[in-house]
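Asker: The following file, query.pdb, comprises PDB, C-alpha atoms:
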```pdb
ATOM      1  CA  MET A   1       5.747  51.099  38.720
ATOM      2  CA  LYS A   2       5.046  49.189  41.911
ATOM      3  CA  GLN A   3       6.542  45.827  42.807
ATOM      4  CA  GLY A   4       3.133  44.084  42.441
ATOM      5  CA  GLN A   5       2.639  45.484  38.952
ATOM      6  CA  LYS A   6       6.117  44.328  37.888
ATOM      7  CA  THR A   7       5.385  40.831  39.177
ATOM      8  CA  ALA A   8       2.033  40.763  37.386
ATOM      9  CA  LEU A   9       3.675  41.860  34.106
ATOM     10  CA  ILE A  10       6.348  39.189  34.476
ATOM     11  CA  VAL A  11       3.694  36.520  35.135
ATOM     12  CA  VAL A  12       1.624  37.682  32.136
ATOM     13  CA  GLY A  13       4.761  37.741  29.987
ATOM     14  CA  VAL A  14       5.716  34.210  31.063
ATOM     15  CA  VAL A  15       2.158  32.949  30.418
ATOM     16  CA  VAL A  16       2.088  34.576  26.949
ATOM     17  CA  LEU A  17       5.508  33.091  26.201
ATOM     18  CA  LEU A  18       4.343  29.623  27.312
ATOM     19  CA  ILE A  19       1.208  29.954  25.162
ATOM     20  CA  LEU A  20       3.313  30.953  22.128
ATOM     21  CA  ILE A  21       5.716  28.049  22.691
ATOM     22  CA  SER A  22       2.810  25.605  23.123
ATOM     23  CA  PHE A  23       1.082  26.904  19.997
ATOM     24  CA  SER A  24       4.297  26.682  18.006
ATOM     25  CA  SER A  25       4.874  23.115  19.192
ATOM     26  CA  LEU A  26       1.262  22.141  18.446
ATOM     27  CA  LYS A  27       1.474  23.725  14.999
ATOM     28  CA  GLY A  28       4.764  21.944  14.216
ATOM     29  CA  THR A  29       3.465  18.567  15.378
ATOM     30  CA  TYR A  30       0.209  18.984  13.472
ATOM     31  CA  ASN A  31       2.087  19.936  10.300
ATOM     32  CA  ASP A  32       4.399  16.919  10.725
ATOM     33  CA  LEU A  33       1.364  14.656  10.993
ATOM     34  CA  VAL A  34      -0.181  16.189   7.874
ATOM     35  CA  ARG A  35       3.103  15.772   5.982
ATOM     36  CA  MET A  36       3.443  12.144   7.060
ATOM     37  CA  ASP A  37      -0.223  11.400   6.296
ATOM     38  CA  GLU A  38       0.258  12.813   2.806
ATOM     39  CA  GLY A  39       3.445  10.740   2.506
ATOM     40  CA  VAL A  40       1.431   7.594   3.236
ATOM     41  CA  LYS A  41      -1.190   8.635   0.669
ATOM     42  CA  GLY A  42       1.517   9.377  -1.913
ATOM     43  CA  ALA A  43       3.191   6.023  -1.300
ATOM     44  CA  TRP A  44      -0.192   4.302  -1.671
ATOM     45  CA  ALA A  45      -0.745   6.131  -4.960
ATOM     46  CA  GLN A  46       2.519   4.642  -6.235
ATOM     47  CA  VAL A  47       1.406   1.166  -5.141
ATOM     48  CA  GLU A  48      -1.912   1.683  -6.933
ATOM     49  CA  ASN A  49      -0.075   2.838 -10.043
ATOM     50  CA  GLN A  50       1.804  -0.462 -10.220
ATOM     51  CA  LEU A  51      -1.273  -2.501  -9.292
ATOM     52  CA  GLN A  52      -3.124  -0.810 -12.160
ATOM     53  CA  ARG A  53      -0.267  -1.701 -14.509
ATOM     54  CA  ARG A  54      -0.594  -5.341 -13.473
ATOM     55  CA  TYR A  55      -4.384  -5.130 -13.747
ATOM     56  CA  ASP A  56      -4.043  -3.868 -17.330
ATOM     57  CA  LEU A  57      -1.542  -6.597 -18.317
ATOM     58  CA  ILE A  58      -3.549  -9.531 -16.996
ATOM     59  CA  PRO A  59      -6.158  -9.830 -19.801
ATOM     60  CA  ASN A  60      -3.429 -10.092 -22.454
ATOM     61  CA  TYR A  61      -1.513 -12.587 -20.365
ATOM     62  CA  VAL A  62      -4.599 -14.717 -19.717
ATOM     63  CA  GLU A  63      -5.630 -14.689 -23.387
ATOM     64  CA  THR A  64      -2.174 -15.823 -24.435
ATOM     65  CA  VAL A  65      -2.204 -18.693 -21.947
ATOM     66  CA  LYS A  66      -5.806 -19.602 -22.878
ATOM     67  CA  GLY A  67      -4.686 -20.276 -26.439
ATOM     68  CA  TYR A  68      -2.463 -23.073 -25.186
ATOM     69  CA  ALA A  69      -4.314 -24.284 -22.120
ATOM     70  CA  LYS A  70      -7.944 -24.457 -23.198
ATOM     71  CA  HIS A  71      -8.963 -27.011 -20.561
ATOM     72  CA  GLU A  72      -7.673 -24.929 -17.581
ATOM     73  CA  LYS A  73     -10.911 -22.936 -17.449
ATOM     74  CA  GLU A  74     -11.215 -22.857 -13.627
ATOM     75  CA  VAL A  75      -7.897 -21.035 -13.251
ATOM     76  CA  PHE A  76      -8.904 -18.422 -15.836
ATOM     77  CA  VAL A  77     -12.234 -17.893 -14.106
ATOM     78  CA  LYS A  78     -10.489 -17.388 -10.738
ATOM     79  CA  VAL A  79      -8.074 -14.833 -12.233
ATOM     80  CA  THR A  80     -10.941 -13.000 -13.934
ATOM     81  CA  GLU A  81     -13.047 -12.977 -10.753
ATOM     82  CA  ALA A  82     -10.119 -11.758  -8.652
ATOM     83  CA  ARG A  83      -9.397  -9.042 -11.207
ATOM     84  CA  SER A  84     -13.061  -7.951 -11.007
ATOM     85  CA  ARG A  85     -12.827  -7.707  -7.219
ATOM     86  CA  VAL A  86      -9.784  -5.456  -7.605
ATOM     87  CA  ALA A  87     -11.797  -3.179  -9.883
ATOM     88  CA  GLY A  88     -14.630  -2.963  -7.352
ATOM     89  CA  ALA A  89     -12.507  -2.536  -4.221
ATOM     90  CA  GLY A  90     -13.147   0.614  -2.190
ATOM     91  CA  GLY A  91     -10.794   1.578   0.642
ATOM     92  CA  ILE A  92      -7.140   0.707   1.090
ATOM     93  CA  SER A  93      -7.859  -2.388   3.224
ATOM     94  CA  GLU A  94     -10.329  -3.705   0.645
ATOM     95  CA  LYS A  95      -7.881  -3.002  -2.193
ATOM     96  CA  ILE A  96      -5.095  -4.793  -0.343
ATOM     97  CA  ALA A  97      -7.299  -7.871   0.210
ATOM     98  CA  ALA A  98      -8.487  -7.894  -3.421
ATOM     99  CA  ASN A  99      -4.945  -7.561  -4.771
ATOM    100  CA  ASN A 100      -3.702 -10.307  -2.465
ATOM    101  CA  GLU A 101      -6.444 -12.536  -3.869
ATOM    102  CA  LEU A 102      -5.391 -11.587  -7.401
ATOM    103  CA  SER A 103      -1.760 -12.399  -6.575
ATOM    104  CA  SER A 104      -2.851 -15.817  -5.350
ATOM    105  CA  ALA A 105      -4.862 -16.451  -8.538
ATOM    106  CA  LEU A 106      -1.881 -15.390 -10.650
ATOM    107  CA  GLY A 107       0.271 -17.847  -8.700
ATOM    108  CA  ARG A 108      -2.108 -20.649  -9.718
ATOM    109  CA  LEU A 109      -1.961 -19.407 -13.310
ATOM    110  CA  LEU A 110       1.841 -19.633 -13.220
ATOM    111  CA  VAL A 111       1.526 -23.278 -12.172
ATOM    112  CA  VAL A 112      -0.616 -23.864 -15.283
ATOM    113  CA  VAL A 113       2.005 -22.132 -17.429
ATOM    114  CA  GLU A 114       4.666 -24.536 -16.182
ATOM    115  CA  ARG A 115       2.701 -27.407 -17.747
ATOM    116  CA  TYR A 116       3.027 -25.996 -21.273
ATOM    117  CA  PRO A 117       6.638 -25.847 -22.509
ATOM    118  CA  GLU A 118       5.544 -24.727 -26.008
ATOM    119  CA  LEU A 119       3.772 -21.741 -24.398
ATOM    120  CA  LYS A 120       6.948 -20.708 -22.597
ATOM    121  CA  ALA A 121       8.705 -20.588 -25.977
ATOM    122  CA  ASN A 122       6.074 -18.246 -27.511
ATOM    123  CA  THR A 123       7.550 -14.761 -28.121
ATOM    124  CA  ASN A 124       4.381 -12.885 -27.145
ATOM    125  CA  PHE A 125       4.087 -14.903 -23.977
ATOM    126  CA  ILE A 126       7.727 -14.292 -23.071
ATOM    127  CA  ARG A 127       7.247 -10.550 -23.554
ATOM    128  CA  LEU A 128       4.087 -10.536 -21.423
ATOM    129  CA  GLN A 129       5.768 -12.732 -18.804
ATOM    130  CA  ASP A 130       8.662 -10.260 -18.585
ATOM    131  CA  GLU A 131       6.251  -7.305 -18.335
ATOM    132  CA  LEU A 132       4.324  -9.026 -15.572
ATOM    133  CA  ALA A 133       7.499 -10.030 -13.713
ATOM    134  CA  GLY A 134       8.805  -6.457 -13.937
ATOM    135  CA  THR A 135       5.489  -5.151 -12.676
ATOM    136  CA  GLU A 136       5.497  -7.599  -9.770
ATOM    137  CA  ASN A 137       8.969  -6.327  -8.850
ATOM    138  CA  ARG A 138       7.740  -2.721  -9.026
ATOM    139  CA  ILE A 139       4.760  -3.620  -6.850
ATOM    140  CA  SER A 140       7.123  -5.165  -4.321
ATOM    141  CA  VAL A 141       9.293  -2.022  -4.225
ATOM    142  CA  GLU A 142       6.317   0.319  -3.931
ATOM    143  CA  ARG A 143       4.688  -1.896  -1.294
ATOM    144  CA  ARG A 144       7.926  -1.733   0.736
ATOM    145  CA  ARG A 145       8.032   2.073   0.406
ATOM    146  CA  PHE A 146       4.364   2.314   1.378
ATOM    147  CA  ASN A 147       4.913   0.117   4.435
ATOM    148  CA  GLU A 148       7.929   2.228   5.461
ATOM    149  CA  ALA A 149       5.787   5.386   5.249
ATOM    150  CA  VAL A 150       2.993   3.673   7.216
ATOM    151  CA  LYS A 151       5.461   2.509   9.873
ATOM    152  CA  ALA A 152       6.948   5.989  10.351
ATOM    153  CA  TYR A 153       3.483   7.563  10.448
ATOM    154  CA  ASN A 154       2.087   4.993  12.889
ATOM    155  CA  ILE A 155       5.087   5.389  15.200
ATOM    156  CA  LYS A 156       4.638   9.159  15.125
ATOM    157  CA  ILE A 157       0.913   9.113  15.949
ATOM    158  CA  ARG A 158       1.410   6.585  18.755
ATOM    159  CA  SER A 159       4.335   8.426  20.405
ATOM    160  CA  PHE A 160       3.762  10.731  23.369
ATOM    161  CA  PRO A 161       2.836  13.634  23.264
ATOM    162  CA  THR A 162       2.065  13.443  19.533
ATOM    163  CA  ASN A 163      -0.593  10.822  20.260
ATOM    164  CA  LEU A 164      -2.598  13.470  22.137
ATOM    165  CA  ILE A 165      -2.477  15.864  19.194
ATOM    166  CA  ALA A 166      -3.193  13.051  16.695
ATOM    167  CA  GLY A 167      -6.230  12.061  18.740
ATOM    168  CA  MET A 168      -7.483  15.657  18.961
ATOM    169  CA  PHE A 169      -7.304  16.123  15.193
ATOM    170  CA  GLY A 170      -8.528  12.657  14.167
ATOM    171  CA  PHE A 171      -5.326  11.187  12.730
ATOM    172  CA  GLU A 172      -5.810   7.407  12.640
ATOM    173  CA  LYS A 173      -3.423   4.493  12.345
ATOM    174  CA  ALA A 174      -2.671   3.505   8.720
ATOM    175  CA  THR A 175      -2.926  -0.085   7.407
ATOM    176  CA  PHE A 176       0.121  -2.004   6.202
ATOM    177  CA  PHE A 177       0.086  -3.822   2.847
ATOM    178  CA  GLU A 178       0.913  -7.305   4.048
ATOM    179  CA  VAL A 179       1.305 -10.453   2.002
ATOM    180  CA  PRO A 180      -1.176 -13.142   3.107
ATOM    181  CA  LYS A 181       0.299 -16.285   4.659
ATOM    182  CA  GLU A 182      -0.719 -18.536   1.736
ATOM    183  CA  LYS A 183       1.172 -16.237  -0.676
ATOM    184  CA  GLN A 184       4.383 -16.503   1.367
ATOM    185  CA  GLU A 185       4.938 -20.050   0.108
ATOM    186  CA  ALA A 186       6.064 -20.673  -3.453
ATOM    187  CA  PRO A 187       3.460 -22.386  -5.660
ATOM    188  CA  LYS A 188       4.100 -26.103  -6.208
ATOM    189  CA  VAL A 189       4.383 -27.299  -9.788
ATOM    190  CA  LYS A 190       3.036 -30.813 -10.349
ATOM    191  CA  PHE A 191       2.763 -32.668 -13.647
TER     192      PHE A 191
END
```
The structure given in the file should be rewritten as structure tokens.
Answerer:
Amino acid sequence: MKQGQKTALIVVGVVVLLILISFSSLKGTYNDLVRMDEGVKGAWAQVENQLQRRYDLIPNYVETVKGYAKHEKEVFVKVTEARSRVAGAGGISEKIAANNELSSALGRLLVVVERYPELKANTNFIRLQDELAGTENRISVERRRFNEAVKAYNIKIRSFPTNLIAGMFGFEKATFFEVPKEKQEAPKVKF
């Protein structure tokens, strides 16, 4: 074998090796992105599970409060309308907005509840209140887990050189489940 042929074989070997390393790196990065994207979707499914639990509890809760607070019709209408928007929400961003609106309406309902001490002593109401409080805590935990998954995923797709691969394969930034500013303040109870 001549010196030129040896050099050509070495160059071809190095090029093939570089292609294999590049492909392996691309494959690993792509698979990481898929895994993280599925992690975000799985975390969102857990959030939705808890939101559905709350959605299912609300009619019973509202009916119990209605029995005591017949003249608070506007609050009940707002809760019912917000609950309807949750049912009709499409994508994650729309679901987040609808559920934030529902949380706000429930906050106003809790203010109404504070005005009726005899309601707070009702056994059925206490049970529903505990169920709803437990569900709100579960939503908070799942929302935190979802946001952690979104944060890790978003960091990954924005980091170099992963951002190039994410762009090539259409991986897009995920949306956080944030609490609206008006919900960050505790509702005020006035008699």
Asker: Out of A:Gly90, A:Tyr61, A:Asn124, A:Lys156, which residue has the shortest atom-to-atom distance to Leu110 in chain A when counting only C-alpha atoms?
Answerer: A:Tyr61
Asker: Nearest to Phe146 in chain A: which of A:Val40, A:Leu164, A:Val15, A:Val75 is it, counting only C-alpha atoms?
Answerer: A:Val40
Asker: Evaluated on this file, the PyMOL selection byres ((chain A and resi 45-59) around 10) picks out some residues - which ones are they, written as a PyMOL selection string?
Answerer: chain A and resi 39-44+60-65+76+79-80+83-84+86-87+92+95-96+99+102-103+106+128-129+131-146+177
Asker: To one decimal place in Å, what is the distance between CA of Glu172 in chain A and CA of Ile157 in chain A?
Answerer: 7.7 Å
Asker: Which is closer to Ala152 in chain A than all the others in A:Leu17, A:Met168, A:Ala89, A:Ala174, using all atoms listed in the file?
Answerer: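 Of the candidates, the smallest distance to Ala152 in chain A is held by A:Ala174.
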Asker: Provide the CA of Val14 in chain A to CA of Ile165 in chain A distance in Å, to one decimal place.
Answerer: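 A separation of 23.3 Å between them.
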Asker: Between A:Lys78, A:Arg158, A:Arg35, A:Arg85, which one has atoms that come closest to Gly107 in chain A, using all atoms listed in the file?
Answerer: A:Lys78
Asker: Between CA of Glu94 in chain A and CA of Phe169 in chain A, what distance in Å does the model show, to one decimal?
Answerer: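 Computing it gives 24.8 Å between the two atoms.
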Asker: Please provide the set of residues having any atom within 8 Å of Leu33 in chain A, restricted to only C-alpha atoms, with same-chain residues fewer than 3 positions apart removed, written as a list of chain:residue names.
Answerer: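 Returned residues: A:Thr29, A:Tyr30, A:Met36, A:Asp37, A:Tyr153, A:Lys156, A:Ile157, A:Ala166, A:Phe171.
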